[in-house]
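S.K.: Supplied structure: structure.txt, compact mmCIF, C-alpha atoms and all ligand atoms.
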# COMPACT_ATOMS: atom_id res chain seq x y z
CA MET G 1 0.00 0.00 0.00
CA ILE G 2 1.41 3.36 -0.95
CA ASP G 3 0.91 6.37 1.29
CA GLU G 4 -0.51 8.65 -1.35
CA MET G 5 -3.43 6.32 -2.06
CA THR G 6 -5.14 7.70 1.04
CA THR G 7 -6.14 10.83 -0.89
CA VAL G 8 -8.19 8.91 -3.43
CA LEU G 9 -11.98 9.08 -3.35
CA GLU G 10 -14.41 6.39 -4.43
CA PRO G 11 -16.55 7.38 -7.41
CA ALA G 12 -19.93 7.36 -5.70
CA PRO G 13 -23.26 9.05 -6.50
CA LEU G 14 -23.73 12.27 -4.51
CA PRO G 15 -26.44 12.35 -1.85
CA ASP G 16 -29.49 14.50 -2.78
CA PHE G 17 -28.15 14.97 -6.29
CA VAL G 18 -30.89 16.30 -8.52
CA GLU G 19 -31.02 15.32 -12.17
CA THR G 20 -33.38 17.56 -14.06
CA LYS G 21 -33.41 17.95 -17.82
CA TYR G 22 -30.99 20.88 -17.48
CA VAL G 23 -28.52 18.83 -15.40
CA LYS G 24 -28.84 15.76 -17.63
CA ASP G 25 -28.19 17.83 -20.72
CA ILE G 26 -24.95 19.37 -19.39
CA THR G 27 -23.83 16.00 -18.02
CA LYS G 28 -24.40 14.34 -21.39
CA ARG G 29 -22.48 17.01 -23.29
CA ALA G 30 -19.58 17.02 -20.83
CA LEU G 31 -19.32 13.23 -20.87
CA SER G 32 -19.26 13.21 -24.65
CA TYR G 33 -16.20 15.52 -24.64
CA ILE G 34 -14.53 13.44 -21.96
CA LYS G 35 -15.18 10.28 -23.96
CA ALA G 36 -13.54 11.89 -26.96
CA GLY G 37 -10.45 12.37 -24.79
CA PHE G 38 -10.72 16.04 -23.86
CA PRO G 39 -10.51 17.59 -20.42
CA VAL G 40 -13.63 19.54 -19.50
CA HIS G 41 -13.59 22.92 -17.79
CA LEU G 42 -16.76 24.11 -16.04
CA ARG G 43 -16.65 27.88 -15.69
CA GLY G 44 -19.25 30.12 -14.15
CA PRO G 45 -20.27 32.39 -11.32
CA SER G 46 -20.42 31.16 -7.76
CA GLY G 47 -23.24 28.75 -6.95
CA THR G 48 -23.90 27.54 -10.48
CA GLY G 49 -23.20 23.93 -9.53
CA LYS G 50 -19.70 23.53 -10.99
CA THR G 51 -18.10 21.55 -8.17
CA THR G 52 -21.18 19.38 -7.73
CA LEU G 53 -21.36 18.69 -11.44
CA ALA G 54 -17.64 17.92 -11.61
CA MET G 55 -18.07 15.32 -8.85
CA HIS G 56 -21.13 13.94 -10.60
CA LEU G 57 -19.20 13.59 -13.88
CA ALA G 58 -16.38 11.90 -11.98
CA SER G 59 -18.80 9.41 -10.48
CA LYS G 60 -20.10 8.61 -13.98
CA ILE G 61 -16.57 7.93 -15.22
CA GLU G 62 -16.36 5.24 -12.55
CA ARG G 63 -12.63 5.58 -11.90
CA PRO G 64 -11.20 6.56 -8.51
CA VAL G 65 -11.20 10.32 -8.03
CA VAL G 66 -8.41 12.62 -6.95
CA MET G 67 -9.45 16.10 -5.94
CA ILE G 68 -7.32 19.23 -5.79
CA HIS G 69 -8.52 22.68 -4.70
CA GLY G 70 -6.70 25.55 -6.35
CA ASP G 71 -4.66 27.62 -3.92
CA GLU G 72 -2.64 30.79 -4.26
CA GLU G 73 0.15 29.23 -2.22
CA PHE G 74 0.54 26.15 -4.42
CA THR G 75 3.79 25.41 -6.14
CA THR G 76 4.27 22.70 -8.74
CA SER G 77 5.57 20.35 -6.09
CA ASP G 78 2.29 20.61 -4.17
CA LEU G 79 0.66 19.10 -7.24
CA VAL G 80 3.36 16.71 -8.36
CA GLY G 81 5.13 15.64 -5.21
CA GLY G 82 8.28 16.31 -3.38
CA GLU G 83 10.84 14.98 -1.05
CA HIS G 84 9.51 14.52 2.38
CA GLY G 85 10.96 12.55 4.92
CA TYR G 86 12.24 10.97 7.85
CA ARG G 87 12.67 7.28 7.61
CA ILE G 88 12.61 4.63 10.30
CA ARG G 89 14.02 1.24 9.40
CA LYS G 90 13.64 -1.82 11.51
CA VAL G 91 16.26 -4.45 11.04
CA VAL G 92 15.74 -7.91 12.45
CA ASP G 93 18.95 -9.77 12.97
CA ARG G 94 18.64 -13.09 11.15
CA PHE G 95 21.01 -14.89 13.43
CA ILE G 96 19.94 -13.65 16.78
CA SER G 97 16.20 -13.27 16.36
CA ARG G 98 15.78 -11.34 19.59
CA VAL G 99 17.80 -8.51 18.20
CA LEU G 100 15.66 -5.83 16.63
CA LYS G 101 17.63 -2.88 15.49
CA THR G 102 15.90 0.35 14.66
CA GLU G 103 17.68 2.75 12.41
CA GLU G 104 16.44 6.24 12.01
CA ASP G 105 17.77 8.56 9.43
CA MET G 106 16.88 11.72 7.65
CA VAL G 107 17.05 10.33 4.13
CA LYS G 108 14.44 12.19 2.17
CA ARG G 109 11.96 10.08 0.30
CA TRP G 110 10.00 11.14 -2.72
CA VAL G 111 6.25 11.19 -2.16
CA ASP G 112 3.94 11.54 -5.14
CA ASN G 113 1.24 14.14 -4.77
CA ARG G 114 -2.27 13.97 -6.13
CA LEU G 115 -1.61 14.97 -9.72
CA THR G 116 1.11 12.37 -10.12
CA VAL G 117 -1.06 9.71 -8.52
CA ALA G 118 -3.92 10.49 -10.91
CA CYS G 119 -1.64 10.42 -13.98
CA LYS G 120 0.16 7.26 -12.90
CA TYR G 121 -2.91 5.17 -12.13
CA GLY G 122 -5.35 6.66 -14.64
CA PHE G 123 -7.65 8.20 -12.07
CA THR G 124 -10.05 11.08 -12.58
CA LEU G 125 -8.62 14.41 -11.51
CA VAL G 126 -11.07 17.05 -10.31
CA TYR G 127 -9.12 20.29 -10.09
CA ASP G 128 -11.59 22.62 -8.40
CA GLU G 129 -11.07 26.36 -8.85
CA PHE G 130 -7.78 25.75 -10.62
CA THR G 131 -7.30 29.44 -11.44
CA ARG G 132 -6.80 30.20 -7.75
CA SER G 133 -3.39 28.58 -8.10
CA ARG G 134 -0.76 30.75 -9.72
CA PRO G 135 -0.36 30.04 -13.46
CA GLU G 136 3.26 28.91 -13.07
CA ALA G 137 2.20 26.18 -10.62
CA ASN G 138 -0.22 24.88 -13.23
CA ASN G 139 2.31 24.82 -16.10
CA ILE G 140 2.95 21.16 -15.41
CA LEU G 141 -0.52 20.48 -16.80
CA LEU G 142 0.40 21.63 -20.31
CA SER G 143 2.38 18.52 -21.24
CA ILE G 144 0.05 16.24 -19.27
CA LEU G 145 -2.95 17.36 -21.29
CA GLN G 146 -1.22 17.58 -24.66
CA GLU G 147 1.62 15.08 -24.89
CA LYS G 148 0.24 12.83 -22.16
CA MET G 149 3.65 12.99 -20.54
CA MET G 150 4.42 14.26 -17.12
CA ASP G 151 7.70 15.98 -16.62
CA LEU G 152 8.89 14.99 -13.19
CA PRO G 153 11.48 16.92 -11.25
CA VAL G 154 14.86 15.27 -10.85
CA GLY G 155 15.30 13.54 -7.56
CA ARG G 156 12.27 11.35 -7.79
CA GLY G 157 14.08 8.25 -6.65
CA GLY G 158 15.66 6.13 -9.39
CA GLU G 159 12.65 6.45 -11.64
CA GLU G 160 12.42 7.92 -15.10
CA PRO G 161 12.21 11.71 -15.30
CA TYR G 162 9.08 11.35 -17.43
CA LEU G 163 5.91 9.62 -16.50
CA ARG G 164 3.63 8.38 -19.22
CA VAL G 165 0.10 9.42 -18.35
CA ASP G 166 -2.21 6.42 -18.06
CA PRO G 167 -4.80 6.40 -20.88
CA ASP G 168 -7.63 6.28 -18.33
CA PHE G 169 -6.56 9.61 -16.83
CA THR G 170 -9.30 12.23 -17.11
CA ALA G 171 -9.24 15.83 -15.94
CA ILE G 172 -12.19 17.98 -14.97
CA PHE G 173 -11.56 21.61 -14.08
CA THR G 174 -13.76 24.26 -12.53
CA SER G 175 -13.21 27.99 -12.22
CA ASN G 176 -14.90 31.26 -11.41
CA PRO G 177 -14.79 34.06 -13.95
CA GLU G 178 -11.66 36.19 -13.90
CA GLU G 179 -13.28 39.19 -12.25
CA TYR G 180 -13.70 37.26 -9.00
CA ALA G 181 -11.37 38.16 -6.15
CA GLY G 182 -8.39 35.85 -5.78
CA VAL G 183 -8.69 34.41 -9.28
CA HIS G 184 -5.78 34.44 -11.74
CA ARG G 185 -6.17 34.63 -15.48
CA SER G 186 -5.97 31.13 -16.87
CA GLN G 187 -3.13 30.70 -19.35
CA ASP G 188 -4.29 30.75 -22.94
CA ALA G 189 -2.27 27.63 -23.68
CA LEU G 190 -3.93 25.72 -20.87
CA ARG G 191 -7.41 26.89 -21.72
CA ASP G 192 -6.78 25.90 -25.31
CA ARG G 193 -6.20 22.31 -24.21
CA MET G 194 -9.58 21.90 -22.54
CA ILE G 195 -13.20 22.29 -23.53
CA THR G 196 -14.75 25.09 -21.50
CA MET G 197 -18.45 24.93 -20.73
CA ASP G 198 -19.88 28.16 -19.35
CA LEU G 199 -22.50 27.58 -16.70
CA ASP G 200 -25.09 30.07 -15.59
CA HIS G 201 -27.56 30.06 -12.73
CA PHE G 202 -29.92 27.09 -12.78
CA ASP G 203 -33.20 27.10 -14.63
CA TYR G 204 -36.36 27.33 -12.53
CA ASP G 205 -37.08 23.59 -12.33
CA THR G 206 -33.55 22.74 -11.23
CA GLU G 207 -33.35 25.51 -8.64
CA LEU G 208 -36.67 24.36 -7.19
CA ALA G 209 -35.68 20.69 -7.26
CA ILE G 210 -32.39 21.43 -5.46
CA THR G 211 -34.16 23.55 -2.81
CA LEU G 212 -36.71 20.77 -2.29
CA ALA G 213 -34.05 18.07 -2.09
CA LYS G 214 -31.86 19.96 0.38
CA ALA G 215 -34.42 21.13 2.93
CA LYS G 216 -37.42 18.92 2.24
CA LEU G 217 -39.96 21.69 2.74
CA SER G 218 -43.29 21.49 0.91
CA LYS G 219 -43.24 22.25 -2.80
CA GLN G 220 -45.35 25.36 -2.26
CA ASP G 221 -43.02 26.81 0.37
CA SER G 222 -39.98 25.97 -1.73
CA GLN G 223 -41.57 27.76 -4.67
CA VAL G 224 -42.07 30.91 -2.60
CA ILE G 225 -38.38 30.90 -1.67
CA VAL G 226 -37.16 30.22 -5.20
CA ASN G 227 -39.41 32.95 -6.61
CA ILE G 228 -37.99 35.49 -4.16
CA VAL G 229 -34.37 34.58 -4.88
CA ARG G 230 -34.94 34.56 -8.62
CA GLY G 231 -36.83 37.83 -8.44
CA LEU G 232 -33.90 39.45 -6.64
CA ARG G 233 -31.46 37.99 -9.17
CA GLU G 234 -33.51 39.22 -12.10
CA SER G 235 -33.69 42.73 -10.62
CA ARG G 236 -29.96 42.99 -11.47
CA LYS G 237 -29.57 45.43 -8.61
CA CYS G 238 -27.18 43.33 -6.51
CA GLU G 239 -23.43 43.53 -6.34
CA PHE G 240 -23.47 39.72 -6.63
CA ALA G 241 -26.48 37.83 -7.89
CA PRO G 242 -28.02 35.60 -5.21
CA THR G 243 -27.50 31.89 -5.88
CA VAL G 244 -29.20 28.61 -5.17
CA ARG G 245 -27.22 28.65 -1.91
CA GLY G 246 -29.51 31.49 -0.78
CA CYS G 247 -32.55 29.28 -1.50
CA ILE G 248 -30.98 26.40 0.42
CA MET G 249 -30.06 28.58 3.41
CA ILE G 250 -33.53 30.08 3.71
CA ALA G 251 -35.23 26.70 3.24
CA LYS G 252 -33.01 24.93 5.77
CA THR G 253 -33.43 27.69 8.36
CA LEU G 254 -37.21 27.55 7.99
CA LYS G 255 -37.13 23.79 8.29
CA ALA G 256 -34.92 23.87 11.37
CA GLN G 257 -37.27 26.36 13.02
CA LYS G 258 -40.36 24.45 11.91
CA LEU G 259 -41.77 27.61 10.32
CA THR G 260 -43.55 28.27 7.05
CA PRO G 261 -43.40 31.50 5.04
CA SER G 262 -47.12 32.20 5.30
CA LYS G 263 -47.55 31.43 9.00
CA SER G 264 -44.54 33.42 10.17
CA SER G 265 -44.32 36.11 7.57
CA SER G 266 -42.38 38.67 9.58
CA THR G 267 -39.73 36.16 10.69
CA PHE G 268 -39.59 34.88 7.13
CA MET G 269 -39.14 38.42 5.82
CA GLN G 270 -36.31 39.10 8.24
CA MET G 271 -34.66 35.80 7.37
CA CYS G 272 -34.80 36.49 3.63
CA GLN G 273 -33.39 39.97 4.14
CA ASP G 274 -30.53 38.76 6.34
CA ILE G 275 -29.56 35.86 4.14
CA LEU G 276 -29.94 37.56 0.79
CA ALA G 277 -28.31 40.86 1.81
CA SER G 278 -25.37 38.89 3.18
CA GLU G 279 -25.08 36.74 0.07
CA THR G 280 -25.18 39.57 -2.41
CA SER G 281 -22.70 42.07 -1.04
CA ARG G 282 -18.98 41.75 -0.68
CA VAL G 283 -18.03 44.70 1.47
CA GLY G 284 -21.37 45.07 3.21
CA SER G 285 -22.01 48.64 2.08
CA LYS G 286 -25.10 50.04 3.73
CA THR G 287 -26.55 51.45 0.51
CA ASN G 288 -26.31 48.11 -1.20
CA GLN G 289 -27.79 46.25 1.75
CA ASP G 290 -30.68 48.68 2.03
CA ARG G 291 -31.42 48.37 -1.66
CA VAL G 292 -31.41 44.56 -1.47
CA LYS G 293 -33.59 44.57 1.63
CA GLN G 294 -36.09 46.83 -0.04
CA ILE G 295 -36.37 44.60 -3.10
CA VAL G 296 -36.65 41.50 -0.91
CA ARG G 297 -39.40 43.19 1.11
CA GLU G 298 -41.40 43.80 -2.05
CA LEU G 299 -40.82 40.30 -3.36
CA VAL G 300 -41.85 38.64 -0.10
CA ALA G 301 -45.01 40.73 0.06
CA LYS G 302 -45.86 39.80 -3.49
CA GLU G 303 -45.17 36.09 -2.99
CA LEU G 304 -47.20 35.85 0.19
CA GLY G 305 -50.03 37.72 -1.48
CA ILE G 306 -50.49 40.02 1.45
CA GLY G 307 -51.27 43.13 -0.45
CA LYS G 308 -49.40 46.32 0.02
CA THR G 309 -48.56 46.08 3.67
CA ILE G 310 -46.52 43.61 5.60
CA SER G 311 -45.16 43.63 9.09
CA VAL G 312 -41.39 43.60 9.35
CA PRO G 313 -39.03 44.32 12.19
CA GLU G 314 -37.37 47.62 11.46
CA GLU G 315 -33.62 47.97 11.49
CA THR G 316 -33.77 50.32 14.44
CA GLY G 317 -34.81 47.37 16.53
CA LYS G 318 -38.51 48.23 16.74
CA GLU G 319 -40.47 45.03 16.27
CA GLY G 320 -43.26 44.67 13.77
CA ILE G 321 -43.67 48.05 12.14
CA ALA G 322 -46.05 48.00 9.22
CA VAL G 323 -44.26 48.96 6.06
CA ASN G 324 -45.73 49.80 2.75
CA ALA G 325 -44.30 47.07 0.59
CA VAL G 326 -44.05 49.26 -2.44
CA ASP G 327 -42.56 52.53 -1.24
CA ASN G 328 -41.23 51.28 2.10
CA SER G 329 -42.93 54.05 4.09
CA VAL G 330 -43.74 53.16 7.66
CA ILE G 331 -47.40 53.07 8.50
CA GLU G 332 -47.51 53.71 12.23
CA GLY G 333 -50.34 52.23 14.23
CA GLU G 334 -51.05 49.51 11.73
CA LYS G 335 -49.00 46.91 13.48
CA GLU G 336 -51.73 44.88 15.09
CA LYS G 337 -53.99 44.94 12.10
CA THR G 338 -51.23 43.84 9.77
CA GLU G 339 -49.89 41.10 12.01
CA SER G 340 -53.29 39.49 12.31
CA LEU G 341 -53.77 39.81 8.59
CA ILE G 342 -50.61 37.94 7.93
CA GLU G 343 -50.52 35.45 10.76
CA MET G 344 -53.97 34.01 10.01
N1 LIG W 1 -27.53 18.85 -9.35
C1 LIG W 1 -27.56 19.20 -8.07
N2 LIG W 1 -28.29 18.49 -7.19
C2 LIG W 1 -28.34 18.85 -5.88
N3 LIG W 1 -27.70 19.90 -5.38
C3 LIG W 1 -26.96 20.64 -6.21
C4 LIG W 1 -26.83 20.33 -7.59
N4 LIG W 1 -26.03 21.24 -8.17
C5 LIG W 1 -25.66 22.09 -7.19
N5 LIG W 1 -26.22 21.74 -6.02
C6 LIG W 1 -26.08 22.46 -4.74
O1 LIG W 1 -26.01 23.85 -5.03
C7 LIG W 1 -25.03 24.49 -4.24
C8 LIG W 1 -24.02 25.18 -5.13
O2 LIG W 1 -23.36 24.21 -5.94
P1 LIG W 1 -21.76 24.15 -6.10
O3 LIG W 1 -21.09 24.27 -4.80
O4 LIG W 1 -21.45 22.96 -6.93
O5 LIG W 1 -21.54 25.49 -6.94
P2 LIG W 1 -20.18 26.09 -7.52
O6 LIG W 1 -20.51 26.55 -8.90
O7 LIG W 1 -19.07 25.11 -7.37
O8 LIG W 1 -19.96 27.35 -6.59
P3 LIG W 1 -18.57 28.08 -6.21
O9 LIG W 1 -18.08 28.76 -7.45
O10 LIG W 1 -18.97 29.08 -5.16
O11 LIG W 1 -17.64 27.03 -5.71
C9 LIG W 1 -24.44 23.42 -3.34
O12 LIG W 1 -25.08 23.46 -2.10
C10 LIG W 1 -24.76 22.12 -4.05
O13 LIG W 1 -24.92 21.06 -3.15
MG MG W 2 -17.31 25.17 -6.27
Please lay out the structure from this file as structure tokens.

M.R.:
Amino acid sequence: MIDEMTTVLEPAPLPDFVETKYVKDITKRALSYIKAGFPVHLRGPSGTGKTTLAMHLASKIERPVVMIHGDEEFTTSDLVGGEHGYRIRKVVDRFISRVLKTEEDMVKRWVDNRLTVACKYGFTLVYDEFTRSRPEANNILLSILQEKMMDLPVGRGGEEPYLRVDPDFTAIFTSNPEEYAGVHRSQDALRDRMITMDLDHFDYDTELAITLAKAKLSKQDSQVIVNIVRGLRESRKCEFAPTVRGCIMIAKTLKAQKLTPSKSSSTFMQMCQDILASETSRVGSKTNQDRVKQIVRELVAKELGIGKTISVPEETGKEGIAVNAVDNSVIEGEKEKTESLIEM
């Protein structure tokens, strides 16, 4: 048994994985490129299902999976391997069997890292967010993907300096668009060696199916949540568009609290505002947050069909002030009336 095998994952179906027409279609296309021998690169904004889809594709390939997460600090040796070591040798004396001699030395021993393991044994490599690693660390991939040869640093024991990549080796990459913080530009040469599929936010059916699968709320309640998140996304007023993660967070919080949107409308409103304002702003600017909260307020009111007024806790800490859902003006004295209207 070799040490590095411990980092290998079994290709297994993902729990709660949802396969709608949208997901099946992308899976089918990606698998057809992989079958033709090309690495696939799933690129898209956060929360568009890239990592999940990459793992799903890997499970369909049915080879052991090696996963790497891109990292600014990576060097080539983090991918390929390096000399690590401290070695303990036990020597049993053949003539005097009671004698057990332990020798310890500092001889460095080459240890293959994940990329080498995947190339050597023909495993599936999932290189998640590969553009977070610096381009020079990823240069090693150029010859792996093109010439199917891996150029190994000298010092790797007595073995050949080149490793022939096993024909079963497959690579799946994911990345966020270049404008994301902490993302490097992918090298043209590397991108040219893979087939890039641009993913966008899920279609309605998939977003709903994922929300349902993750929190197991009723279909009706899940629809309310998905409509609100999609409405906010379509408003195009957010610094970052809200993702399916927002739907999952709201749905799971409701489930954990045993609440429903219609029976606890003010708590639901607050929850949507907190979660969606947090998800859609990077620096937490007040203007942006207020804008998002206002849109969410309108969307919740519309979804719950509670007319123009809805009770929401105000940011000043006052509980349950009635707010005009359209222009956000506070309607003092309407609290009781509105609460009973909503809570019924
Ligand atoms: N087909 C699916 N079935 C069930 N859940 C899914 C599916 N696709 C995505 N999800 C869920 O949606 C969420 C976002 O997906 P994922 O993490 O794969 O997105 P991503 O594009 O990799 O995002 P990031 O760029 O932020 O890493 C996760 O909670 C994931 O479990
Ligand atoms: Mg991801």

S.K.: Hey, which bits of chain G sit within 7 Å of ligand LIG 1 (chain W), and for each residue what's the closest pair of atoms and how far apart in Å (one decimal), counting all atoms listed in the file, rows by chain and increasing number, as JSON lines?

M.R.:
{"residue": "G:Asp16", "atom": "CA", "partner": "W:LIG1", "partner_atom": "C2", "distance": 5.5}
{"residue": "G:Phe17", "atom": "CA", "partner": "W:LIG1", "partner_atom": "N2", "distance": 3.6}
{"residue": "G:Val18", "atom": "CA", "partner": "W:LIG1", "partner_atom": "N2", "distance": 3.7}
{"residue": "G:Glu19", "atom": "CA", "partner": "W:LIG1", "partner_atom": "N1", "distance": 5.7}
{"residue": "G:Val23", "atom": "CA", "partner": "W:LIG1", "partner_atom": "N1", "distance": 6.1}
{"residue": "G:Gly44", "atom": "CA", "partner": "W:LIG1", "partner_atom": "O6", "distance": 6.5}
{"residue": "G:Pro45", "atom": "CA", "partner": "W:LIG1", "partner_atom": "O9", "distance": 5.7}
{"residue": "G:Ser46", "atom": "CA", "partner": "W:LIG1", "partner_atom": "O9", "distance": 3.4}
{"residue": "G:Gly47", "atom": "CA", "partner": "W:LIG1", "partner_atom": "O8", "distance": 3.6}
{"residue": "G:Thr48", "atom": "CA", "partner": "W:LIG1", "partner_atom": "O6", "distance": 3.9}
{"residue": "G:Gly49", "atom": "CA", "partner": "W:LIG1", "partner_atom": "O4", "distance": 3.3}
{"residue": "G:Lys50", "atom": "CA", "partner": "W:LIG1", "partner_atom": "O6", "distance": 3.8}
{"residue": "G:Thr51", "atom": "CA", "partner": "W:LIG1", "partner_atom": "O7", "distance": 3.8}
{"residue": "G:Thr52", "atom": "CA", "partner": "W:LIG1", "partner_atom": "O4", "distance": 3.7}
{"residue": "G:Leu53", "atom": "CA", "partner": "W:LIG1", "partner_atom": "O4", "distance": 6.2}
{"residue": "G:Ser175", "atom": "CA", "partner": "W:LIG1", "partner_atom": "O9", "distance": 6.9}
{"residue": "G:Asn176", "atom": "CA", "partner": "W:LIG1", "partner_atom": "O9", "distance": 5.7}
{"residue": "G:Ile210", "atom": "CA", "partner": "W:LIG1", "partner_atom": "C2", "distance": 4.8}
{"residue": "G:Ala213", "atom": "CA", "partner": "W:LIG1", "partner_atom": "C2", "distance": 6.9}
{"residue": "G:Val244", "atom": "CA", "partner": "W:LIG1", "partner_atom": "O1", "distance": 5.7}
{"residue": "G:Arg245", "atom": "CA", "partner": "W:LIG1", "partner_atom": "C7", "distance": 5.2}

S.K.: With all atoms listed in the file as the counted atoms, please give the residues lying no more than 12 Å from Gly246 in chain G, apart from itself and same-chain residues fewer than 6 positions off, as number ranges by chain.

M.R.: G: 46-48, 207-208, 210-211, 214, 222, 225-230, 232-233, 240, 252-253, 271-280

S.K.: Can you list, as a list in words, every protein, DNA or RNA residue that comes within 10 Å of Gln146 in chain G when you count all atoms listed in the file, leaving out same-chain residues fewer than 6 positions away?

M.R.: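 Here the answer would be Phe38, Leu190, Arg193 and Met194 of chain G.
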
S.K.: For Arg291 in chain G, which residue out of G:Gln270, G:Glu239, G:Glu129, G:Ser262 is the nearest one, using only C-alpha atoms?

M.R.: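 Looking at the shortest contact to Arg291 in chain G, the residue is G:Glu239.
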
S.K.: Given only C-alpha atoms as the basis, pick out the residue of G:Asp128, G:Asp112, G:Glu73, G:Asp78 nearest to Ala54 in chain G.

M.R.: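 Ranking G:Asp128, G:Asp112, G:Glu73, G:Asp78 by distance to Ala54 in chain G, first place goes to G:Asp128.
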
S.K.: Interatomic distance between CA of Leu212 in chain G and CA of Ile248 in chain G?

M.R.: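 Taking CA of Leu212 in chain G as the start and CA of Ile248 in chain G as the end point, the length is 8.5 Å.
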
S.K.: Using 3 Å of padding on each side, determine the axis-aligned box around all atoms of range 131-142 of chain G present in the file and give its centre and edge lengths in Å to one decimal, as AutoDock Vina command-line options.

M.R.:
--center_x -2.0 --center_y 25.6 --center_z -14.0 --size_x 16.6 --size_y 16.3 --size_z 18.6

S.K.: Quick one, how far is CA of Met149 in chain G from CA of His56 in chain G?

M.R.: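 Result for CA of Met149 in chain G versus CA of His56 in chain G: 26.7 Å, one decimal.
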
S.K.: Of the residues G:Leu299, G:Val117, G:Leu163, G:Val80, which is the one nearest to Glu234 in chain G, using only C-alpha atoms?

M.R.: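 Among G:Leu299, G:Val117, G:Leu163, G:Val80, it is G:Leu299 that comes nearest to Glu234 in chain G.
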
S.K.: Have a look at G:Lys286, G:Glu298, G:Ala209, G:Leu304 and name the one nearest to Thr260 in chain G; count only C-alpha atoms.

M.R.: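 Closest to Thr260 in chain G of all the choices is G:Leu304.
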
S.K.: How many Å separate CA of Ser285 in chain G from CA of Lys302 in chain G?

M.R.: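 Computing it gives 26.0 Å between the two atoms.
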
S.K.: So that I can check the surroundings of Ala137 in chain G, please list as a ChimeraX atom specification every protein, DNA and RNA residue that reaches within 6 Å of it, counting all atoms listed in the file and ignoring chain neighbours fewer than 3 positions away.

M.R.: /G:75-76,134

S.K.: Which of these residues is nearest to Gln289 in chain G, using only C-alpha atoms: G:Leu79, G:Cys238, G:Ala181, G:Leu254?

M.R.: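 Nearest candidate to Gln289 in chain G out of G:Leu79, G:Cys238, G:Ala181, G:Leu254: G:Cys238.
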
S.K.: Using all atoms listed in the file, find the one residue out of G:Ser266, G:Gln220, G:Thr170, G:Ser281 that sits nearest to Ala30 in chain G.

M.R.: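 Ranked by minimum distance to Ala30 in chain G, first place goes to G:Thr170.
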
S.K.: What lies within 10 Å of Leu57 in chain G using only C-alpha atoms, ignoring chain neighbours under 2 positions off, as number ranges by chain?

M.R.: G: 11, 13, 26-28, 30-31, 34, 40, 51-55, 59-62, 124, 126, 172

S.K.: Write out as a PyMOL selection string each polymer residue whose atoms come within 8 Å of Glu10 in chain G, counting all atoms listed in the file; drop sequence neighbours fewer than 4 positions from it.

M.R.: chain G and resi 63-65
